[in-house]
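This is work.tsv (TSV, C-alpha atoms).
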chain	number	residue	atom	x	y	z
A	1	MET	CA	-0.21	-51.67	75.81
A	2	ALA	CA	-2.50	-52.43	78.73
A	3	GLN	CA	0.42	-52.05	81.11
A	4	PHE	CA	1.22	-48.56	79.78
A	5	ALA	CA	-2.44	-47.54	79.69
A	6	GLY	CA	-2.84	-48.36	83.36
A	7	ALA	CA	0.37	-46.65	84.46
A	8	GLY	CA	-0.03	-43.65	86.78
A	9	PRO	CA	1.64	-40.28	86.43
A	10	SER	CA	5.43	-40.22	86.50
A	11	LYS	CA	7.46	-38.75	89.34
A	12	ALA	CA	8.09	-35.61	87.27
A	13	GLU	CA	4.39	-35.24	86.48
A	14	ARG	CA	3.46	-35.55	90.14
A	15	GLU	CA	6.00	-32.88	91.01
A	16	HIS	CA	4.63	-30.57	88.31
A	17	ARG	CA	1.13	-31.06	89.71
A	18	PHE	CA	2.33	-30.25	93.21
A	19	PHE	CA	3.87	-26.96	92.13
A	20	LEU	CA	0.75	-26.16	90.10
A	21	ALA	CA	-1.42	-26.83	93.18
A	22	MET	CA	0.79	-24.57	95.30
A	23	ALA	CA	0.57	-21.83	92.65
A	24	ALA	CA	-3.22	-22.16	92.66
A	25	THR	CA	-3.25	-21.93	96.46
A	26	ILE	CA	-1.16	-18.75	96.38
A	27	LEU	CA	-3.38	-17.21	93.70
A	28	THR	CA	-6.52	-18.09	95.69
A	29	LEU	CA	-5.14	-16.61	98.92
A	30	THR	CA	-4.15	-13.44	97.05
A	31	VAL	CA	-7.56	-12.94	95.45
A	32	ILE	CA	-9.57	-13.69	98.59
A	33	GLY	CA	-7.24	-11.78	100.89
A	34	PHE	CA	-7.23	-8.62	98.79
A	35	ALA	CA	-10.88	-8.80	97.65
A	36	PRO	CA	-12.33	-6.45	100.31
A	37	SER	CA	-9.40	-4.01	100.28
A	38	TYR	CA	-8.66	-3.96	96.55
A	39	TYR	CA	-10.25	-6.25	93.95
A	40	LEU	CA	-13.84	-5.96	95.15
A	41	ARG	CA	-13.55	-2.88	97.30
A	42	ALA	CA	-16.40	-1.18	95.45
A	43	PHE	CA	-18.71	-4.07	96.33
A	44	ILE	CA	-17.43	-5.48	99.66
A	45	ALA	CA	-17.06	-3.32	102.76
A	46	PRO	CA	-13.54	-3.67	104.23
A	47	PRO	CA	-13.35	-4.99	107.81
A	48	HIS	CA	-12.05	-1.64	109.11
A	49	PRO	CA	-11.47	1.88	107.70
A	50	MET	CA	-8.79	1.96	105.00
A	51	GLU	CA	-6.87	4.57	103.08
A	52	PRO	CA	-8.19	5.59	99.63
A	53	LEU	CA	-6.63	3.87	96.63
A	54	ASN	CA	-4.23	6.30	95.00
A	55	PRO	CA	-2.42	5.80	91.63
A	56	LEU	CA	0.69	4.34	93.31
A	57	VAL	CA	-1.37	1.73	95.13
A	58	HIS	CA	-3.26	0.87	91.92
A	59	LEU	CA	0.02	0.42	90.05
A	60	HIS	CA	1.33	-1.77	92.86
A	61	GLY	CA	-1.83	-3.87	92.79
A	62	LEU	CA	-1.71	-4.23	89.01
A	63	VAL	CA	1.95	-5.23	88.82
A	64	PHE	CA	1.88	-7.66	91.74
A	65	SER	CA	-1.39	-9.21	90.53
A	66	ALA	CA	0.20	-9.71	87.12
A	67	TRP	CA	3.16	-11.40	88.80
A	68	VAL	CA	0.97	-13.85	90.76
A	69	ILE	CA	-1.04	-14.68	87.64
A	70	LEU	CA	2.16	-15.15	85.64
A	71	PHE	CA	3.46	-17.55	88.30
A	72	MET	CA	0.27	-19.58	87.99
A	73	VAL	CA	0.50	-19.58	84.18
A	74	GLN	CA	4.17	-20.60	84.28
A	75	ALA	CA	3.45	-23.52	86.60
A	76	GLY	CA	0.61	-24.58	84.31
A	77	LEU	CA	2.84	-24.43	81.23
A	78	ILE	CA	5.44	-26.68	82.86
A	79	SER	CA	2.73	-29.09	83.96
A	80	ALA	CA	1.42	-29.15	80.36
A	81	GLY	CA	4.89	-29.71	78.93
A	82	LYS	CA	5.03	-26.27	77.23
A	83	ARG	CA	8.57	-25.46	78.31
A	84	HIS	CA	9.35	-23.31	75.28
A	85	ILE	CA	6.46	-20.95	76.08
A	86	HIS	CA	7.48	-21.00	79.75
A	87	ARG	CA	10.96	-19.79	78.78
A	88	GLN	CA	9.58	-17.07	76.50
A	89	LEU	CA	7.29	-15.76	79.25
A	90	GLY	CA	10.28	-15.73	81.57
A	91	ILE	CA	11.38	-12.53	79.82
A	92	LEU	CA	8.12	-10.90	80.95
A	93	GLY	CA	8.83	-12.14	84.45
A	94	MET	CA	12.22	-10.44	84.47
A	95	LEU	CA	10.63	-7.16	83.41
A	96	LEU	CA	7.99	-7.43	86.13
A	97	VAL	CA	10.62	-8.13	88.79
A	98	ALA	CA	12.55	-5.03	87.71
A	99	ILE	CA	9.38	-3.01	88.33
A	100	MET	CA	8.17	-4.84	91.44
A	101	ILE	CA	11.21	-4.26	93.65
A	102	PRO	CA	11.40	-0.43	93.46
A	103	LEU	CA	7.60	-0.25	93.43
A	104	ALA	CA	7.34	-2.26	96.66
A	105	ILE	CA	9.87	0.04	98.31
A	106	ALA	CA	7.97	3.13	97.15
A	107	VAL	CA	4.63	1.79	98.44
A	108	GLY	CA	6.20	0.79	101.76
A	109	ILE	CA	7.62	4.27	102.28
A	110	ALA	CA	4.41	5.99	101.16
A	111	GLY	CA	2.44	3.87	103.64
A	112	ILE	CA	4.21	5.56	106.56
A	113	ASP	CA	2.19	8.72	105.92
A	114	ARG	CA	-1.08	6.81	105.47
A	115	PRO	CA	-2.28	6.07	109.05
A	116	LEU	CA	-4.88	3.48	108.03
A	117	THR	CA	-2.32	1.38	106.14
A	118	ALA	CA	-1.33	-0.51	109.27
A	119	PRO	CA	-3.71	-2.76	111.25
A	120	PRO	CA	-5.54	-1.02	114.08
A	121	GLY	CA	-3.24	-0.42	117.03
A	122	ILE	CA	0.02	-0.65	115.03
A	123	ASP	CA	2.17	2.43	114.36
A	124	THR	CA	2.76	2.95	110.64
A	125	LEU	CA	6.44	3.58	111.36
A	126	SER	CA	6.66	0.07	112.77
A	127	TRP	CA	4.40	-1.51	110.15
A	128	ALA	CA	6.60	-0.16	107.35
A	129	ALA	CA	9.20	-2.72	108.44
A	130	LEU	CA	7.02	-5.51	107.06
A	131	PRO	CA	7.24	-4.52	103.38
A	132	LEU	CA	10.62	-2.79	103.54
A	133	LEU	CA	12.44	-5.68	105.23
A	134	ASP	CA	10.68	-8.16	102.98
A	135	VAL	CA	11.70	-6.55	99.68
A	136	PRO	CA	15.31	-7.84	99.78
A	137	VAL	CA	14.01	-11.27	100.81
A	138	PHE	CA	11.43	-11.94	98.09
A	139	GLY	CA	13.39	-9.86	95.57
A	140	GLY	CA	16.61	-11.70	96.31
A	141	LEU	CA	14.93	-15.11	96.13
A	142	ILE	CA	13.31	-14.31	92.79
A	143	ILE	CA	16.56	-12.99	91.33
A	144	ALA	CA	18.39	-16.09	92.58
A	145	ALA	CA	15.68	-18.30	91.05
A	146	LEU	CA	16.02	-16.55	87.69
A	147	ALA	CA	19.80	-16.87	87.84
A	148	MET	CA	19.40	-20.62	88.49
A	149	ARG	CA	16.85	-21.25	85.74
A	150	HIS	CA	19.27	-23.75	84.16
A	151	ARG	CA	18.74	-25.90	87.28
A	152	SER	CA	15.01	-26.55	87.24
A	153	ASP	CA	14.94	-28.23	90.66
A	154	VAL	CA	16.59	-25.20	92.29
A	155	HIS	CA	14.77	-22.64	90.15
A	156	LYS	CA	11.27	-23.87	90.92
A	157	ARG	CA	11.89	-24.19	94.66
A	158	LEU	CA	13.44	-20.77	95.08
A	159	MET	CA	10.60	-19.25	93.07
A	160	LEU	CA	7.97	-21.07	95.13
A	161	VAL	CA	9.60	-20.02	98.41
A	162	ALA	CA	9.59	-16.41	97.21
A	163	MET	CA	5.90	-16.67	96.29
A	164	ILE	CA	5.03	-18.23	99.65
A	165	ASP	CA	6.85	-15.36	101.37
A	166	MET	CA	4.71	-12.91	99.38
A	167	VAL	CA	1.55	-14.56	100.74
A	168	GLN	CA	1.92	-12.85	104.13
A	169	PRO	CA	0.09	-9.61	103.19
A	170	SER	CA	-2.93	-11.46	101.79
A	171	ALA	CA	-2.91	-13.89	104.73
A	172	GLY	CA	-2.80	-10.91	107.08
A	173	ARG	CA	-5.86	-9.40	105.44
A	174	LEU	CA	-7.72	-12.70	105.68
A	175	ILE	CA	-6.85	-12.96	109.37
A	176	GLY	CA	-7.82	-9.33	109.93
A	177	MET	CA	-11.29	-10.04	108.55
A	178	SER	CA	-11.92	-12.39	111.47
A	179	GLY	CA	-11.57	-9.60	114.02
A	180	VAL	CA	-8.16	-10.67	115.33
A	181	PRO	CA	-6.40	-7.81	117.21
A	182	GLY	CA	-4.03	-5.82	115.01
A	183	GLU	CA	-0.94	-6.79	116.97
A	184	ALA	CA	-1.64	-10.49	116.29
A	185	VAL	CA	-2.03	-10.12	112.52
A	186	GLY	CA	1.70	-10.10	111.79
A	187	PRO	CA	2.59	-13.24	113.80
A	188	LEU	CA	-0.43	-15.20	112.55
A	189	SER	CA	0.13	-14.27	108.92
A	190	GLY	CA	3.76	-15.27	109.36
A	191	LEU	CA	2.56	-18.62	110.68
A	192	VAL	CA	0.60	-19.18	107.46
A	193	VAL	CA	3.79	-18.61	105.49
A	194	VAL	CA	5.71	-21.04	107.70
A	195	LEU	CA	3.04	-23.73	107.28
A	196	LEU	CA	3.20	-23.44	103.49
A	197	LEU	CA	6.98	-23.70	103.61
A	198	ILE	CA	6.66	-26.83	105.74
A	199	VAL	CA	4.37	-28.34	103.08
A	200	LEU	CA	7.13	-27.88	100.49
A	201	ILE	CA	9.88	-29.25	102.72
A	202	VAL	CA	7.87	-32.26	103.92
A	203	ARG	CA	6.77	-33.05	100.36
A	204	ASP	CA	10.41	-33.13	99.25
A	205	TRP	CA	11.25	-35.50	102.11
A	206	LEU	CA	8.35	-37.84	101.45
A	207	VAL	CA	9.14	-38.13	97.76
A	208	THR	CA	12.96	-38.13	97.72
A	209	ARG	CA	13.84	-38.97	101.33
A	210	ARG	CA	16.02	-35.89	101.45
A	211	PHE	CA	15.62	-32.19	102.07
A	212	HIS	CA	16.32	-30.07	99.03
A	213	PRO	CA	18.99	-27.42	99.84
A	214	ALA	CA	17.19	-24.69	97.87
A	215	ALA	CA	13.96	-25.22	99.83
A	216	ILE	CA	15.78	-25.35	103.17
A	217	ILE	CA	18.01	-22.31	102.61
A	218	GLY	CA	15.21	-20.24	101.06
A	219	SER	CA	12.80	-21.16	103.86
A	220	ALA	CA	15.39	-20.34	106.53
A	221	ILE	CA	15.82	-16.86	105.05
A	222	VAL	CA	12.07	-16.27	105.01
A	223	VAL	CA	11.57	-17.55	108.56
A	224	ALA	CA	14.45	-15.37	109.79
A	225	ARG	CA	12.75	-12.35	108.23
A	226	ILE	CA	9.43	-13.25	109.87
A	227	VAL	CA	11.01	-13.69	113.30
A	228	LEU	CA	13.26	-10.63	113.15
A	229	THR	CA	10.76	-8.14	111.73
A	230	PRO	CA	8.72	-7.60	114.95
A	231	VAL	CA	11.98	-7.47	116.90
A	232	ILE	CA	13.40	-4.75	114.66
A	233	TRP	CA	10.29	-2.65	114.05
A	234	SER	CA	9.95	-1.37	117.62
A	235	THR	CA	13.60	-0.41	118.10
A	236	PRO	CA	14.56	3.28	118.28
A	237	ALA	CA	16.95	2.76	115.36
A	238	TRP	CA	14.15	1.49	113.11
A	239	MET	CA	11.73	4.22	114.20
A	240	ASP	CA	14.33	6.89	113.43
A	241	PHE	CA	15.07	5.26	110.08
A	242	ALA	CA	11.38	5.09	109.17
A	243	ARG	CA	10.90	8.76	110.12
A	244	TRP	CA	13.87	9.65	107.92
A	245	LEU	CA	12.40	7.68	105.01
A	246	SER	CA	9.08	9.50	105.36
A	247	GLY	CA	10.81	12.87	105.53
A	248	ALA	CA	9.68	13.48	109.09
A	249	GLY	CA	13.03	12.72	110.69
Output the structure of this file as structure tokens.
Amino acid sequence: MAQFAGAGPSKAEREHRFFLAMAATILTLTVIGFAPSYYLRAFIAPPHPMEPLNPLVHLHGLVFSAWVILFMVQAGLISAGKRHIHRQLGILGMLLVAIMIPLAIAVGIAGIDRPLTAPPGIDTLSWAALPLLDVPVFGGLIIAALAMRHRSDVHKRLMLVAMIDMVQPSAGRLIGMSGVPGEAVGPLSGLVVVLLLIVLIVRDWLVTRRFHPAAIIGSAIVVARIVLTPVIWSTPAWMDFARWLSGAG
């Protein structure tokens, strides 16, 4: 009895705690990053002039906030051993994803005609590439994670990689608060995403002495999107496409 009483957490329990800690980190970054521009906008002055919050933006904020909270709850349920509730809430997750993807596209397109949506010094036609090129990345990763829910090791890693990818907007707002020039916000926020992905990959290596394919492939897709976005967004083809989307082309 004394031997069992003194035993530490199992390997599975430590992994659950890691994913719970990552979910808490993502939730914290989301709340702090969007506090001045959304959650506490009535009480905290934003770092620079911003567009008014219209119904579409409010709906976007509500749905994506619900998704981040659900991710935190789901990680907590697994950590607490409540798998049956986790599976039941997964149905809600599927419904949210079905709303999130078209909503993100709609907000990205609408932002083209809202000059203050982009950081100072960045053309909104270019900045629209950030959400619009990211939708198939985080959307695809989430859909793949849901499709692989029978493989918990793959499911949880693909879902975490998708959530880390979605941190870039909140990280960008945090970086923007420090007075960093607008053109540096994208690369620096992308770096935050890369660092979080490295935490996942290194943790897998330290614990299992191998790199998990789901973490590596998912991270490679996200990093490719981060690297290619600023390359694409200044090209004539993208600018013409963005003008066409906004109805100005």
Polymer residues at most 12 Å from segment 14-26 of chain A, all atoms listed in the file, same-chain spacing of 4 or more positions, as a PyMOL selection string: chain A and resi 8-10+30-33+65+67-83+152-153+155-171+192-193+196-197+199-200+203-204+206-208
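We find atom CA of His84 of chain A and atom CA of Arg149 of chain A to be spaced 13.0 Å apart.
Here atom CA of Val222 of chain A stands at a distance of 24.4 Å from atom CA of Met177 of chain A.
Considering the residues A:Leu62, A:Val180, A:Ala214, A:Ile226 and counting only C-alpha atoms, Val194 of chain A has its shortest atom-to-atom contact with A:Ile226.
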Segment 111-124 of chain A surroundings by only C-alpha atoms, 12 Å radius, close-in-sequence under 5 positions cut, as a PyMOL selection string: chain A and resi 37+46-54+56-57+104-106+129-132+169+172-173+175-177+179-186+230+233-234+238-239+241-248
Gap from atom CA of Ile143 of chain A to atom CA of His60 of chain A - Å, one decimal: 19.0 Å
Draw an axis-aligned box tight on the listed atoms of segment 87-96 of chain A, then pad every side by 8 Å and write out centre and edge lengths in Å to one decimal as JSON.
{"center_x": 9.8, "center_y": -13.5, "center_z": 81.3, "size_x": 20.9, "size_y": 28.6, "size_z": 25.6}
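Using only C-alpha atoms, the shortest contact distance between Val231 of chain A and any of A:Phe138, A:Ala144, A:Pro36, A:Pro187 is found at A:Pro187.
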Starting from the sparse input, extend segment 228-239 of chain A to all heavy atoms and give the output as an mmCIF file, in the frame of the given file.
data_model
loop_
_atom_site.group_PDB
_atom_site.id
_atom_site.type_symbol
_atom_site.label_atom_id
_atom_site.label_comp_id
_atom_site.auth_asym_id
_atom_site.auth_seq_id
_atom_site.Cartn_x
_atom_site.Cartn_y
_atom_site.Cartn_z
ATOM 1 N N LEU A 228 12.516 -11.841 112.817
ATOM 2 C CA LEU A 228 13.260 -10.630 113.150
ATOM 3 C C LEU A 228 12.471 -9.345 112.934
ATOM 4 O O LEU A 228 12.745 -8.330 113.595
ATOM 5 C CB LEU A 228 14.560 -10.575 112.337
ATOM 6 C CG LEU A 228 15.612 -11.621 112.687
ATOM 7 C CD1 LEU A 228 16.796 -11.521 111.744
ATOM 8 C CD2 LEU A 228 16.061 -11.465 114.132
ATOM 9 N N THR A 229 11.499 -9.369 112.032
ATOM 10 C CA THR A 229 10.760 -8.140 111.730
ATOM 11 C C THR A 229 10.123 -7.506 112.964
ATOM 12 O O THR A 229 10.334 -6.316 113.228
ATOM 13 C CB THR A 229 9.706 -8.384 110.634
ATOM 14 O OG1 THR A 229 10.373 -8.750 109.420
ATOM 15 C CG2 THR A 229 8.867 -7.133 110.386
ATOM 16 N N PRO A 230 9.317 -8.244 113.762
ATOM 17 C CA PRO A 230 8.720 -7.600 114.950
ATOM 18 C C PRO A 230 9.743 -7.223 116.008
ATOM 19 O O PRO A 230 9.463 -6.380 116.860
ATOM 20 C CB PRO A 230 7.743 -8.660 115.473
ATOM 21 C CG PRO A 230 8.233 -9.949 114.925
ATOM 22 C CD PRO A 230 8.847 -9.633 113.593
ATOM 23 N N VAL A 231 10.914 -7.848 115.959
ATOM 24 C CA VAL A 231 11.980 -7.470 116.900
ATOM 25 C C VAL A 231 12.573 -6.131 116.485
ATOM 26 O O VAL A 231 12.835 -5.253 117.311
ATOM 27 C CB VAL A 231 13.073 -8.557 116.943
ATOM 28 C CG1 VAL A 231 14.239 -8.103 117.822
ATOM 29 C CG2 VAL A 231 12.500 -9.880 117.437
ATOM 30 N N ILE A 232 12.759 -5.958 115.186
ATOM 31 C CA ILE A 232 13.400 -4.750 114.660
ATOM 32 C C ILE A 232 12.452 -3.558 114.668
ATOM 33 O O ILE A 232 12.861 -2.430 114.966
ATOM 34 C CB ILE A 232 13.912 -5.015 113.223
ATOM 35 C CG1 ILE A 232 15.053 -6.036 113.265
ATOM 36 C CG2 ILE A 232 14.350 -3.726 112.536
ATOM 37 C CD1 ILE A 232 15.492 -6.515 111.896
ATOM 38 N N TRP A 233 11.163 -3.789 114.347
ATOM 39 C CA TRP A 233 10.290 -2.650 114.050
ATOM 40 C C TRP A 233 9.961 -1.748 115.243
ATOM 41 O O TRP A 233 9.479 -0.628 115.054
ATOM 42 C CB TRP A 233 9.035 -3.105 113.333
ATOM 43 C CG TRP A 233 7.946 -3.774 114.159
ATOM 44 C CD1 TRP A 233 7.831 -3.822 115.498
ATOM 45 C CD2 TRP A 233 6.794 -4.443 113.628
ATOM 46 N NE1 TRP A 233 6.689 -4.485 115.877
ATOM 47 C CE2 TRP A 233 6.035 -4.880 114.730
ATOM 48 C CE3 TRP A 233 6.325 -4.711 112.353
ATOM 49 C CZ2 TRP A 233 4.831 -5.586 114.576
ATOM 50 C CZ3 TRP A 233 5.135 -5.404 112.216
ATOM 51 C CH2 TRP A 233 4.406 -5.835 113.309
ATOM 52 N N SER A 234 10.232 -2.209 116.451
ATOM 53 C CA SER A 234 9.950 -1.370 117.620
ATOM 54 C C SER A 234 11.216 -0.724 118.196
ATOM 55 O O SER A 234 11.132 -0.008 119.199
ATOM 56 C CB SER A 234 9.252 -2.185 118.707
ATOM 57 O OG SER A 234 10.055 -3.281 119.112
ATOM 58 N N THR A 235 12.351 -0.973 117.575
ATOM 59 C CA THR A 235 13.600 -0.410 118.100
ATOM 60 C C THR A 235 13.708 1.069 117.751
ATOM 61 O O THR A 235 13.196 1.517 116.715
ATOM 62 C CB THR A 235 14.818 -1.153 117.522
ATOM 63 O OG1 THR A 235 14.841 -0.983 116.093
ATOM 64 C CG2 THR A 235 14.765 -2.635 117.847
ATOM 65 N N PRO A 236 14.364 1.856 118.590
ATOM 66 C CA PRO A 236 14.560 3.280 118.280
ATOM 67 C C PRO A 236 15.266 3.490 116.939
ATOM 68 O O PRO A 236 14.946 4.435 116.208
ATOM 69 C CB PRO A 236 15.413 3.782 119.447
ATOM 70 C CG PRO A 236 15.109 2.843 120.569
ATOM 71 C CD PRO A 236 14.888 1.508 119.922
ATOM 72 N N ALA A 237 16.209 2.620 116.619
ATOM 73 C CA ALA A 237 16.950 2.760 115.360
ATOM 74 C C ALA A 237 15.998 2.644 114.164
ATOM 75 O O ALA A 237 16.084 3.427 113.208
ATOM 76 C CB ALA A 237 18.052 1.712 115.269
ATOM 77 N N TRP A 238 15.084 1.638 114.224
ATOM 78 C CA TRP A 238 14.150 1.490 113.110
ATOM 79 C C TRP A 238 13.181 2.678 113.045
ATOM 80 O O TRP A 238 12.910 3.189 111.953
ATOM 81 C CB TRP A 238 13.346 0.199 113.202
ATOM 82 C CG TRP A 238 12.289 0.169 112.127
ATOM 83 C CD1 TRP A 238 10.971 0.506 112.250
ATOM 84 C CD2 TRP A 238 12.509 -0.091 110.742
ATOM 85 N NE1 TRP A 238 10.349 0.443 111.030
ATOM 86 C CE2 TRP A 238 11.261 0.080 110.080
ATOM 87 C CE3 TRP A 238 13.624 -0.463 109.994
ATOM 88 C CZ2 TRP A 238 11.125 -0.115 108.710
ATOM 89 C CZ3 TRP A 238 13.475 -0.657 108.627
ATOM 90 C CH2 TRP A 238 12.240 -0.484 108.009
ATOM 91 N N MET A 239 12.678 3.108 114.182
ATOM 92 C CA MET A 239 11.730 4.220 114.200
ATOM 93 C C MET A 239 12.366 5.477 113.618
ATOM 94 O O MET A 239 11.746 6.207 112.834
ATOM 95 C CB MET A 239 11.234 4.471 115.614
ATOM 96 C CG MET A 239 10.532 3.274 116.261
ATOM 97 S SD MET A 239 8.982 2.816 115.438
ATOM 98 C CE MET A 239 7.844 3.964 116.217
#
